[in-house]
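Listing of data.tsv, TSV, C-alpha atoms
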```
chain	number	residue	atom	x	y	z
A	1	MET	CA	59.09	97.06	-31.66
A	2	ALA	CA	62.59	95.99	-32.71
A	3	LEU	CA	65.28	94.45	-30.57
A	4	LYS	CA	68.21	96.75	-29.97
A	5	GLY	CA	71.77	95.95	-28.97
A	6	GLY	CA	73.10	92.43	-28.60
A	7	PRO	CA	72.42	89.61	-26.14
A	8	ARG	CA	74.36	89.33	-22.91
A	9	ASP	CA	77.20	86.87	-22.64
A	10	MET	CA	75.55	84.61	-20.07
A	11	ASN	CA	78.77	82.73	-19.32
A	12	LYS	CA	80.46	85.95	-18.24
A	13	TRP	CA	77.37	87.06	-16.32
A	14	SER	CA	77.32	83.71	-14.52
A	15	GLU	CA	80.91	84.29	-13.42
A	16	VAL	CA	79.80	87.57	-11.85
A	17	LEU	CA	76.96	85.90	-9.95
A	18	LEU	CA	78.49	82.64	-8.73
A	19	ASP	CA	79.58	82.70	-5.07
A	20	GLN	CA	79.38	79.58	-2.93
A	21	ASP	CA	80.35	81.42	0.28
A	22	VAL	CA	77.64	84.07	0.57
A	23	GLN	CA	76.82	85.15	4.12
A	24	PHE	CA	74.84	88.06	5.54
A	25	PRO	CA	75.64	90.33	8.50
A	26	GLY	CA	74.89	88.90	11.94
A	27	GLU	CA	73.70	85.47	10.82
A	28	SER	CA	74.33	82.46	13.05
A	29	SER	CA	75.83	79.13	12.06
A	30	GLU	CA	72.40	77.61	12.73
A	31	TYR	CA	70.85	80.00	10.22
A	32	ARG	CA	73.50	79.29	7.59
A	33	LEU	CA	73.05	75.51	7.94
A	34	ALA	CA	69.27	75.79	7.61
A	35	ARG	CA	69.68	78.17	4.68
A	36	LYS	CA	71.96	75.75	2.83
A	37	GLN	CA	69.41	72.98	3.35
A	38	LEU	CA	66.73	75.28	1.97
A	39	LEU	CA	68.97	76.09	-1.00
A	40	GLU	CA	69.06	72.39	-1.84
A	41	ALA	CA	65.26	72.21	-1.65
A	42	GLU	CA	64.94	75.36	-3.78
A	43	GLU	CA	67.24	73.82	-6.40
A	44	LYS	CA	65.13	70.66	-6.50
A	45	LEU	CA	62.01	72.79	-6.90
A	46	ARG	CA	63.67	74.71	-9.74
A	47	GLN	CA	64.48	71.46	-11.52
A	48	VAL	CA	60.89	70.23	-11.14
A	49	ASN	CA	59.59	73.57	-12.44
A	50	GLU	CA	61.83	73.28	-15.49
A	51	GLN	CA	60.72	69.70	-16.10
A	52	VAL	CA	57.05	70.69	-15.87
A	53	ALA	CA	57.62	73.65	-18.20
A	54	ALA	CA	59.27	71.33	-20.72
A	55	GLN	CA	56.39	68.87	-20.41
A	56	ARG	CA	53.93	71.72	-20.97
A	57	ARG	CA	55.77	72.84	-24.10
A	58	ALA	CA	55.77	69.25	-25.38
A	59	LEU	CA	51.99	68.87	-25.18
A	60	PRO	CA	50.48	67.80	-28.50
A	61	SER	CA	48.22	70.37	-30.10
A	62	GLY	CA	44.69	70.41	-28.77
A	63	GLY	CA	41.47	70.81	-30.69
A	64	LEU	CA	40.88	73.29	-33.47
A	65	LEU	CA	39.27	76.56	-32.41
A	66	ALA	CA	35.55	75.94	-31.99
A	67	GLU	CA	34.63	78.99	-34.10
A	68	ASP	CA	36.05	82.34	-35.17
A	69	TYR	CA	34.46	84.21	-32.26
A	70	VAL	CA	33.55	87.87	-32.65
A	71	PHE	CA	34.47	90.11	-29.70
A	72	GLU	CA	33.96	93.81	-29.02
A	73	SER	CA	36.98	96.02	-28.35
A	74	ALA	CA	36.98	97.81	-25.00
A	75	ALA	CA	38.92	100.61	-26.67
A	76	ASP	CA	36.35	101.64	-29.27
A	77	GLY	CA	33.56	99.04	-29.40
A	78	SER	CA	34.64	97.71	-32.79
A	79	GLU	CA	34.22	94.04	-33.68
A	80	VAL	CA	37.32	91.86	-33.52
A	81	ARG	CA	37.45	88.26	-34.68
A	82	PHE	CA	39.49	85.68	-32.80
A	83	SER	CA	41.63	85.09	-35.89
A	84	GLU	CA	42.56	88.78	-35.87
A	85	LEU	CA	44.19	88.50	-32.43
A	86	PHE	CA	47.37	87.06	-33.97
A	87	ALA	CA	49.86	89.73	-35.06
A	88	PRO	CA	52.07	88.99	-38.07
A	89	GLY	CA	54.95	86.71	-37.13
A	90	LYS	CA	53.51	85.87	-33.69
A	91	ASP	CA	51.65	82.56	-33.62
A	92	THR	CA	51.02	82.20	-29.88
A	93	LEU	CA	48.04	83.77	-28.10
A	94	VAL	CA	47.63	83.91	-24.32
A	95	ILE	CA	44.16	84.81	-23.04
A	96	TYR	CA	43.25	85.72	-19.47
A	97	ASN	CA	39.55	85.67	-18.66
A	98	MET	CA	38.85	88.10	-15.85
A	99	MET	CA	35.73	87.94	-13.71
A	100	PHE	CA	33.79	91.03	-14.70
A	101	PRO	CA	31.12	90.66	-13.39
A	102	ARG	CA	32.47	89.21	-10.17
A	103	TRP	CA	31.14	86.20	-8.29
A	104	ALA	CA	27.82	87.31	-6.79
A	105	GLU	CA	28.78	85.99	-3.34
A	106	ASP	CA	32.06	87.93	-3.15
A	107	PRO	CA	31.67	90.48	-0.30
A	108	ARG	CA	34.96	92.31	-0.90
A	109	ALA	CA	35.00	96.01	-1.64
A	110	GLY	CA	33.94	97.45	-4.96
A	111	ALA	CA	35.45	100.27	-6.99
A	112	LEU	CA	36.13	103.45	-5.05
A	113	ASP	CA	35.16	105.96	-7.69
A	114	GLY	CA	34.59	106.48	-11.40
A	115	GLN	CA	31.90	104.94	-13.59
A	116	THR	CA	32.61	101.47	-12.24
A	117	ALA	CA	31.73	102.55	-8.69
A	118	LEU	CA	28.22	103.44	-9.89
A	119	LEU	CA	27.51	99.83	-10.87
A	120	PRO	CA	25.82	97.44	-8.42
A	121	LEU	CA	28.51	95.48	-6.56
A	122	VAL	CA	27.55	92.20	-8.26
A	123	GLU	CA	28.16	93.78	-11.67
A	124	GLN	CA	31.59	95.14	-10.76
A	125	PRO	CA	34.91	93.38	-11.47
A	126	CYS	CA	36.56	90.90	-9.13
A	127	PRO	CA	39.28	92.48	-6.92
A	128	SER	CA	41.58	89.49	-7.45
A	129	CYS	CA	41.22	89.71	-11.22
A	130	THR	CA	41.96	93.44	-11.00
A	131	SER	CA	45.21	92.58	-9.22
A	132	VAL	CA	46.10	90.01	-11.90
A	133	VAL	CA	45.38	92.42	-14.76
A	134	ASP	CA	47.34	95.20	-13.04
A	135	GLY	CA	50.34	92.87	-13.19
A	136	LEU	CA	49.71	91.91	-16.81
A	137	GLU	CA	49.48	95.58	-17.76
A	138	GLY	CA	53.03	96.10	-16.52
A	139	ALA	CA	54.27	93.07	-18.47
A	140	ALA	CA	52.24	93.62	-21.67
A	141	PHE	CA	54.74	95.93	-23.37
A	142	HIS	CA	57.53	93.40	-22.86
A	143	LEU	CA	55.48	90.33	-23.78
A	144	ALA	CA	54.41	91.94	-27.04
A	145	GLU	CA	57.88	91.19	-28.39
A	146	ARG	CA	57.17	87.45	-28.23
A	147	ILE	CA	53.45	86.68	-27.94
A	148	ASN	CA	49.92	87.99	-28.38
A	149	LEU	CA	48.23	88.76	-25.04
A	150	VAL	CA	44.53	89.49	-24.56
A	151	VAL	CA	42.25	90.01	-21.55
A	152	ILE	CA	38.61	89.02	-22.03
A	153	ALA	CA	35.58	89.77	-19.86
A	154	LYS	CA	31.86	89.06	-20.17
A	155	THR	CA	30.81	92.61	-19.34
A	156	ASP	CA	29.82	95.32	-21.83
A	157	ALA	CA	32.70	96.66	-23.90
A	158	ALA	CA	31.93	100.19	-22.66
A	159	ARG	CA	32.13	99.11	-19.02
A	160	LEU	CA	35.37	97.27	-19.63
A	161	GLY	CA	36.80	100.29	-21.42
A	162	ALA	CA	35.78	102.61	-18.60
A	163	TYR	CA	37.43	100.38	-16.02
A	164	ALA	CA	40.58	100.16	-18.13
A	165	ARG	CA	40.80	103.95	-18.16
A	166	GLU	CA	40.19	104.13	-14.41
A	167	ARG	CA	42.96	101.56	-13.80
A	168	GLN	CA	45.21	103.18	-16.45
A	169	TRP	CA	45.53	99.96	-18.43
A	170	ARG	CA	47.07	101.26	-21.64
A	171	ASP	CA	49.15	98.44	-23.15
A	172	LEU	CA	46.73	95.54	-22.76
A	173	ARG	CA	44.21	94.51	-25.40
A	174	LEU	CA	40.84	94.13	-23.65
A	175	LEU	CA	37.83	92.54	-25.30
A	176	SER	CA	34.21	91.90	-24.36
A	177	SER	CA	32.83	88.40	-24.90
A	178	LYS	CA	29.30	89.40	-23.90
A	179	ASN	CA	27.83	88.48	-27.27
A	180	ASN	CA	29.57	85.17	-27.93
A	181	THR	CA	30.06	81.78	-26.24
A	182	PHE	CA	33.84	81.82	-25.89
A	183	ASN	CA	33.76	81.92	-22.08
A	184	ARG	CA	31.34	79.01	-21.86
A	185	ASP	CA	33.13	76.95	-24.53
A	186	TYR	CA	36.59	77.37	-22.96
A	187	HIS	CA	35.53	76.93	-19.32
A	188	ALA	CA	35.71	80.55	-18.20
A	189	GLU	CA	32.02	80.42	-17.31
A	190	THR	CA	29.95	77.83	-15.44
A	191	ALA	CA	26.63	76.47	-16.63
A	192	ASP	CA	25.00	78.92	-14.20
A	193	GLY	CA	26.78	81.88	-15.72
A	194	VAL	CA	29.43	82.38	-13.01
A	195	GLN	CA	32.60	83.87	-14.50
A	196	LEU	CA	35.91	82.12	-13.78
A	197	PRO	CA	39.56	83.30	-13.90
A	198	ILE	CA	41.04	81.07	-16.59
A	199	LEU	CA	44.20	81.17	-18.69
A	200	ASN	CA	44.06	79.68	-22.17
A	201	VAL	CA	46.86	79.38	-24.71
A	202	PHE	CA	46.27	79.00	-28.46
A	203	SER	CA	48.66	78.59	-31.37
A	204	ARG	CA	48.26	79.31	-35.06
A	205	GLY	CA	49.58	76.82	-37.59
A	206	GLU	CA	49.09	75.72	-41.16
A	207	ASP	CA	45.96	73.77	-40.25
A	208	GLY	CA	44.36	76.62	-38.33
A	209	ILE	CA	44.16	77.82	-34.73
A	210	ARG	CA	44.43	75.17	-32.04
A	211	HIS	CA	44.04	75.15	-28.28
A	212	ARG	CA	47.33	74.33	-26.54
A	213	TRP	CA	46.93	74.64	-22.77
A	214	ALA	CA	44.59	75.87	-20.05
A	215	SER	CA	44.92	76.43	-16.30
A	216	GLU	CA	42.96	73.25	-15.57
A	217	GLN	CA	44.56	72.94	-12.15
A	218	ILE	CA	41.88	75.38	-11.03
A	219	PHE	CA	39.31	72.62	-11.50
A	220	ALA	CA	41.53	69.93	-10.00
A	221	ARG	CA	42.30	71.90	-6.82
A	222	GLY	CA	39.27	74.14	-6.47
A	223	ASP	CA	41.35	77.29	-5.97
A	224	SER	CA	43.12	79.96	-8.02
A	225	THR	CA	46.74	78.93	-7.39
A	226	ALA	CA	47.06	78.03	-11.09
A	227	MET	CA	47.21	81.80	-11.66
A	228	ASP	CA	50.43	82.10	-9.63
A	229	PRO	CA	52.75	82.29	-12.68
A	230	ILE	CA	51.11	85.56	-13.77
A	231	TRP	CA	50.12	86.86	-10.30
A	232	PRO	CA	53.26	88.29	-8.65
A	233	ILE	CA	51.74	89.23	-5.28
A	234	TRP	CA	51.78	85.60	-4.13
A	235	GLY	CA	55.41	85.05	-5.10
A	236	ALA	CA	56.38	88.07	-3.01
A	237	LEU	CA	54.28	86.97	-0.02
A	238	ASP	CA	55.70	83.43	-0.18
A	239	LEU	CA	59.13	84.93	0.58
A	240	THR	CA	57.97	86.41	3.87
A	241	PRO	CA	57.71	84.85	7.37
A	242	ASP	CA	53.92	85.30	7.43
A	243	GLY	CA	53.37	83.83	3.95
A	244	ARG	CA	50.08	84.24	2.12
A	245	GLY	CA	47.88	84.64	5.17
A	246	GLU	CA	44.14	84.33	4.64
A	247	ALA	CA	43.99	84.07	0.87
A	248	ALA	CA	40.18	84.22	0.77
A	249	ALA	CA	40.26	87.80	2.04
A	250	TYR	CA	43.18	89.02	-0.06
A	251	PRO	CA	43.55	91.10	-2.05
A	252	SER	CA	40.65	93.09	-0.64
A	253	LEU	CA	41.68	96.62	-1.49
A	254	GLN	CA	39.04	99.08	-2.63
A	255	TYR	CA	40.26	99.62	-6.16
```

Could you take the file, read its structure, and then write that structure out as structure tokens?
Amino acid sequence: MALKGGPRDMNKWSEVLLDQDVQFPGESSEYRLARKQLLEAEEKLRQVNEQVAAQRRALPSGGLLAEDYVFESAADGSEVRFSELFAPGKDTLVIYNMMFPRWAEDPRAGALDGQTALLPLVEQPCPSCTSVVDGLEGAAFHLAERINLVVIAKTDAARLGAYARERQWRDLRLLSSKNNTFNRDYHAETADGVQLPILNVFSRGEDGIRHRWASEQIFARGDSTAMDPIWPIWGALDLTPDGRGEAAAYPSLQY
């Protein structure tokens, strides 16, 4: 995929956007005052986000890849080595580990139909992970211009491939880690075999493939909010008066 056209002139675009006197129909002076105060808080949050992103980018390289893991492609069952996940000219790899199978104590609905619906509920994929991967599928085509993106699950490659077809995931690269220890080694699986939703970032350099970052906040907080940057449903809900609601029960759609 080649870039076409030229970049926007961001200075000119900024001139189009800037307006310090924005107001909306019917708003009160009380609303406008509170909104301006919120704007200040939102600007501070933006600055903190940018500082954290810069700090993340400045992390020193982590450890060398533990081994050149062999995965199975969900598309055709072929073997794929970790080192083969880097396309020419793209030295960054983002991996999302989805929970397939789901947590055994998750009572939310299973798949509605298709081959996945025939599996016992405990062997089916996590509804939350399905939501995350739905979002990544939409972004995958665009991200392919800059990075390598892979979704990994512990289930059989055939099951993962069937679910991908049922969900119409076409642009994502999906791999089974059933026959290797990647999930356990990179904290996407507990000692008891429970699958976890983890993001890992790797980079390829002259000295090999190194680990760069992981969503370790999951372990620090004990929840999945570390997935927020790639999980757009929460960003949308945070804009609403009711907010996120009961996160433990959402999303609970029957996929």

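Take atom CA of A:Ser215 and atom CA of A:Glu145: the distance between them is 23.1 Å.
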
Enter the distance from atom CA of A:Gly138 to atom CA of A:Val150, in Å, rounded to one decimal.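 Separation between atom CA of A:Gly138 and atom CA of A:Val150: 13.4 Å.
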
Tell me, as JSON, numbers by chain, which residues lie within 8 Å of stretch 90-107 of chain A, counting only C-alpha atoms; anything in the same chain fewer than 2 positions away does not count. {"A": [85, 86, 87, 88, 109, 122, 123, 124, 125, 126, 129, 130, 133, 146, 147, 148, 149, 150, 151, 152, 153, 154, 155, 183, 188, 194, 195, 196, 197, 198, 199, 200, 201, 202, 203, 204, 205]}

If you count all atoms listed in the file, which residues fall within 10 Å of stretch 233-249 of chain A, apart from same-chain ones fewer than 5 positions away, as number ranges by chain? A: 106-108, 128, 131-132, 135, 223-225, 227-228

Between A:Ser73, A:Thr190, A:Gln217, A:Gln47, which one has atoms that come closest to A:Leu174, using all atoms listed in the file?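 Nearest candidate to A:Leu174 out of A:Ser73, A:Thr190, A:Gln217, A:Gln47: A:Ser73.
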
Take atom CA of A:Leu119 and atom CA of A:Ala158 and report the distance between them in Å, one decimal. 12.6 Å

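Using all atoms listed in the file for every distance, the candidate list A:Gly193, A:Glu67, A:Glu79, A:Ile230 yields A:Ile230 as the residue closest to A:Ala140.
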
Where atoms are absent from stretch 194-208 of chain A, fill them in so it carries N, CA and C atoms, then output it as a PDB file, in the frame of the given file.
```pdb
ATOM      1  N   VAL A 194      28.383  81.811 -13.868  1.00  0.00           N
ATOM      2  CA  VAL A 194      29.430  82.380 -13.010  1.00  0.00           C
ATOM      3  C   VAL A 194      30.726  82.487 -13.811  1.00  0.00           C
ATOM      4  N   GLN A 195      31.347  83.665 -13.773  1.00  0.00           N
ATOM      5  CA  GLN A 195      32.600  83.870 -14.500  1.00  0.00           C
ATOM      6  C   GLN A 195      33.774  83.299 -13.707  1.00  0.00           C
ATOM      7  N   LEU A 196      34.763  82.762 -14.413  1.00  0.00           N
ATOM      8  CA  LEU A 196      35.910  82.120 -13.780  1.00  0.00           C
ATOM      9  C   LEU A 196      37.206  82.724 -14.314  1.00  0.00           C
ATOM     10  N   PRO A 197      38.254  82.765 -13.468  1.00  0.00           N
ATOM     11  CA  PRO A 197      39.560  83.300 -13.900  1.00  0.00           C
ATOM     12  C   PRO A 197      40.387  82.199 -14.553  1.00  0.00           C
ATOM     13  N   ILE A 198      40.393  82.157 -15.861  1.00  0.00           N
ATOM     14  CA  ILE A 198      41.040  81.070 -16.590  1.00  0.00           C
ATOM     15  C   ILE A 198      42.086  81.624 -17.557  1.00  0.00           C
ATOM     16  N   LEU A 199      43.196  80.904 -17.664  1.00  0.00           N
ATOM     17  CA  LEU A 199      44.200  81.170 -18.690  1.00  0.00           C
ATOM     18  C   LEU A 199      44.056  80.138 -19.793  1.00  0.00           C
ATOM     19  N   ASN A 200      44.051  80.576 -21.023  1.00  0.00           N
ATOM     20  CA  ASN A 200      44.060  79.680 -22.170  1.00  0.00           C
ATOM     21  C   ASN A 200      45.172  80.104 -23.126  1.00  0.00           C
ATOM     22  N   VAL A 201      45.822  79.118 -23.738  1.00  0.00           N
ATOM     23  CA  VAL A 201      46.860  79.380 -24.710  1.00  0.00           C
ATOM     24  C   VAL A 201      46.462  78.726 -26.041  1.00  0.00           C
ATOM     25  N   PHE A 202      46.587  79.481 -27.116  1.00  0.00           N
ATOM     26  CA  PHE A 202      46.270  79.000 -28.460  1.00  0.00           C
ATOM     27  C   PHE A 202      47.492  79.209 -29.349  1.00  0.00           C
ATOM     28  N   SER A 203      47.589  78.395 -30.391  1.00  0.00           N
ATOM     29  CA  SER A 203      48.660  78.590 -31.370  1.00  0.00           C
ATOM     30  C   SER A 203      48.072  78.524 -32.775  1.00  0.00           C
ATOM     31  N   ARG A 204      48.686  79.263 -33.679  1.00  0.00           N
ATOM     32  CA  ARG A 204      48.260  79.310 -35.060  1.00  0.00           C
ATOM     33  C   ARG A 204      49.254  78.544 -35.928  1.00  0.00           C
ATOM     34  N   GLY A 205      48.731  77.610 -36.706  1.00  0.00           N
ATOM     35  CA  GLY A 205      49.580  76.820 -37.590  1.00  0.00           C
ATOM     36  C   GLY A 205      48.964  76.706 -38.967  1.00  0.00           C
ATOM     37  N   GLU A 206      49.565  75.874 -39.789  1.00  0.00           N
ATOM     38  CA  GLU A 206      49.090  75.720 -41.160  1.00  0.00           C
ATOM     39  C   GLU A 206      47.676  75.168 -41.232  1.00  0.00           C
ATOM     40  N   ASP A 207      47.298  74.374 -40.227  1.00  0.00           N
ATOM     41  CA  ASP A 207      45.960  73.770 -40.250  1.00  0.00           C
ATOM     42  C   ASP A 207      44.934  74.582 -39.479  1.00  0.00           C
ATOM     43  N   GLY A 208      45.308  75.771 -39.032  1.00  0.00           N
ATOM     44  CA  GLY A 208      44.360  76.620 -38.330  1.00  0.00           C
ATOM     45  C   GLY A 208      44.812  76.954 -36.920  1.00  0.00           C
TER      46      GLY A 208
END
```
